[in-house]
Amino acid sequence: KVGRAGGIAAGIGHEEGLIFRAIGDQLALCPPMISTEDDVKEIMTRMGRTLGRLTGAVAKEGLE
């Protein structure tokens, strides 16, 4: 089951408009160097939604 949560997170993140790599159960996010403060705030808002949804998905899959 190692890496399963990372894969789920990548799918949810994609639905939230994010692109990042799942490396096992770790997430690698590389925003553009030209990101503005507002861009970063939006990325973090979307990441927060992703992690919130991931919590439910992980519990549903029995990966707690």
# chains A, B, ... in the order shown; residues from 1 in each chain; ligands from 1
>>> residues_around(residues="segment 11-17 of chain A", least_positions_apart="2", cutoff="8 Å", atoms="only C-alpha atoms", output="list in words")
Gly7, Ile8, Ala9, Ile19, Phe20, Arg46, Met47, Arg49, Thr50, Arg53 and Leu54 of chain A
>>> write_last_selection(atoms="C-alpha atoms", output="PDB file, in the first residue's frame")
ATOM      1  CA  GLY A   7      -1.300   8.353  -6.383  1.00  0.00           C
ATOM      2  CA  ILE A   8      -4.698   9.264  -4.989  1.00  0.00           C
ATOM      3  CA  ALA A   9      -3.397  12.730  -4.070  1.00  0.00           C
ATOM      4  CA  ILE A  19       0.228  19.447 -11.353  1.00  0.00           C
ATOM      5  CA  PHE A  20       2.694  17.727  -9.044  1.00  0.00           C
ATOM      6  CA  ARG A  46      -5.925  24.336  -4.015  1.00  0.00           C
ATOM      7  CA  MET A  47      -3.382  22.199  -2.172  1.00  0.00           C
ATOM      8  CA  ARG A  49      -8.535  21.425  -0.753  1.00  0.00           C
ATOM      9  CA  THR A  50      -6.555  18.521  -2.205  1.00  0.00           C
ATOM     10  CA  ARG A  53     -10.220  15.572   0.077  1.00  0.00           C
ATOM     11  CA  LEU A  54      -7.291  13.169   0.411  1.00  0.00           C
TER      12      LEU A  54
END
>>> select_by_dssp(residues="chain A", states="strand (DSSP E)", output="ChimeraX atom specification")
/A:21-23,26-28
>>> select_by_dssp(residues="chain A", states="alpha helix (DSSP H)", output="ChimeraX atom specification")
/A:4-15,37-61
>>> residues_around(residues="segment 31-35 of chain A", least_positions_apart="3", cutoff="10 Å", atoms="only C-alpha atoms", output="VMD selection string")
chain A and resid 18 to 20 28 38 to 41 43
>>> write_last_selection(atoms="C-alpha atoms", output="mmCIF file, in the first residue's frame")
data_model
loop_
_atom_site.group_PDB
_atom_site.id
_atom_site.type_symbol
_atom_site.label_atom_id
_atom_site.label_comp_id
_atom_site.auth_asym_id
_atom_site.auth_seq_id
_atom_site.Cartn_x
_atom_site.Cartn_y
_atom_site.Cartn_z
ATOM 1 C CA LEU A 18 -2.634 21.310 -9.757
ATOM 2 C CA ILE A 19 0.228 19.447 -11.353
ATOM 3 C CA PHE A 20 2.694 17.727 -9.044
ATOM 4 C CA ALA A 28 6.675 17.254 -5.203
ATOM 5 C CA ASP A 38 -1.383 35.760 -5.403
ATOM 6 C CA ASP A 39 -0.430 32.735 -7.531
ATOM 7 C CA VAL A 40 1.208 31.079 -4.534
ATOM 8 C CA LYS A 41 -1.830 31.798 -2.366
ATOM 9 C CA ILE A 43 -1.755 27.151 -5.235
#
>>> atom_distance(atom1="atom CA of Glu42 of chain A", atom2="atom CA of Asp25 of chain A")
23.0 Å
>>> atom_distance(atom1="atom CA of Ala22 of chain A", atom2="atom CA of Ala10 of chain A")
6.1 Å
>>> residues_around(residues="Leu63 of chain A", least_positions_apart="5", cutoff="9 Å", atoms="only C-alpha atoms", output="ChimeraX atom specification")
/A:1,4-5,57-58
>>> closest_residue(among="A:Leu51, A:Gly62, A:Gly6, A:Met44", to="Ile23 of chain A", atoms="only C-alpha atoms")
A:Gly6
>>> decode(residues="chain A", atoms="C-alpha atoms", output="tab-separated table (two decimals), in the first residue's frame")
chain	number	residue	atom	x	y	z
A	1	LYS	CA	0.00	0.00	0.00
A	2	VAL	CA	3.04	2.28	0.08
A	3	GLY	CA	2.60	4.95	-2.56
A	4	ARG	CA	-1.14	4.47	-2.89
A	5	ALA	CA	-1.98	7.71	-1.05
A	6	GLY	CA	0.43	9.63	-3.28
A	7	GLY	CA	-1.30	8.35	-6.38
A	8	ILE	CA	-4.70	9.26	-4.99
A	9	ALA	CA	-3.40	12.73	-4.07
A	10	ALA	CA	-2.06	13.27	-7.59
A	11	GLY	CA	-5.47	12.46	-9.07
A	12	ILE	CA	-7.31	14.75	-6.66
A	13	GLY	CA	-4.75	17.51	-7.22
A	14	HIS	CA	-5.26	17.24	-10.96
A	15	GLU	CA	-9.00	17.69	-10.44
A	16	GLU	CA	-8.18	20.82	-8.38
A	17	GLY	CA	-6.03	22.20	-11.22
A	18	LEU	CA	-2.63	21.31	-9.76
A	19	ILE	CA	0.23	19.45	-11.35
A	20	PHE	CA	2.69	17.73	-9.04
A	21	ARG	CA	4.58	14.47	-8.83
A	22	ALA	CA	3.75	11.73	-6.38
A	23	ILE	CA	6.99	10.08	-5.26
A	24	GLY	CA	5.75	7.21	-3.14
A	25	ASP	CA	3.59	8.93	-0.57
A	26	GLN	CA	5.42	12.26	-0.91
A	27	LEU	CA	4.30	15.08	-3.18
A	28	ALA	CA	6.67	17.25	-5.20
A	29	LEU	CA	5.24	20.63	-6.19
A	30	CYS	CA	7.34	22.92	-8.39
A	31	PRO	CA	5.58	26.23	-9.06
A	32	PRO	CA	7.03	28.50	-11.75
A	33	MET	CA	9.77	30.87	-10.56
A	34	ILE	CA	7.68	33.77	-11.91
A	35	SER	CA	4.72	32.98	-9.63
A	36	THR	CA	3.27	36.02	-7.92
A	37	GLU	CA	2.24	36.12	-4.28
A	38	ASP	CA	-1.38	35.76	-5.40
A	39	ASP	CA	-0.43	32.73	-7.53
A	40	VAL	CA	1.21	31.08	-4.53
A	41	LYS	CA	-1.83	31.80	-2.37
A	42	GLU	CA	-4.06	30.16	-5.00
A	43	ILE	CA	-1.76	27.15	-5.23
A	44	MET	CA	-1.85	26.75	-1.45
A	45	THR	CA	-5.65	27.09	-1.42
A	46	ARG	CA	-5.93	24.34	-4.02
A	47	MET	CA	-3.38	22.20	-2.17
A	48	GLY	CA	-5.40	22.63	1.03
A	49	ARG	CA	-8.53	21.43	-0.75
A	50	THR	CA	-6.56	18.52	-2.21
A	51	LEU	CA	-5.27	17.45	1.21
A	52	GLY	CA	-8.74	17.82	2.72
A	53	ARG	CA	-10.22	15.57	0.08
A	54	LEU	CA	-7.29	13.17	0.41
A	55	THR	CA	-8.06	12.64	4.09
A	56	GLY	CA	-11.48	11.27	3.22
A	57	ALA	CA	-10.19	9.22	0.30
A	58	VAL	CA	-7.44	7.62	2.40
A	59	ALA	CA	-9.93	6.67	5.10
A	60	LYS	CA	-12.28	5.21	2.48
A	61	GLU	CA	-9.43	3.11	1.04
A	62	GLY	CA	-8.42	1.93	4.52
A	63	LEU	CA	-4.94	3.48	4.25
A	64	GLU	CA	-4.96	5.31	7.58
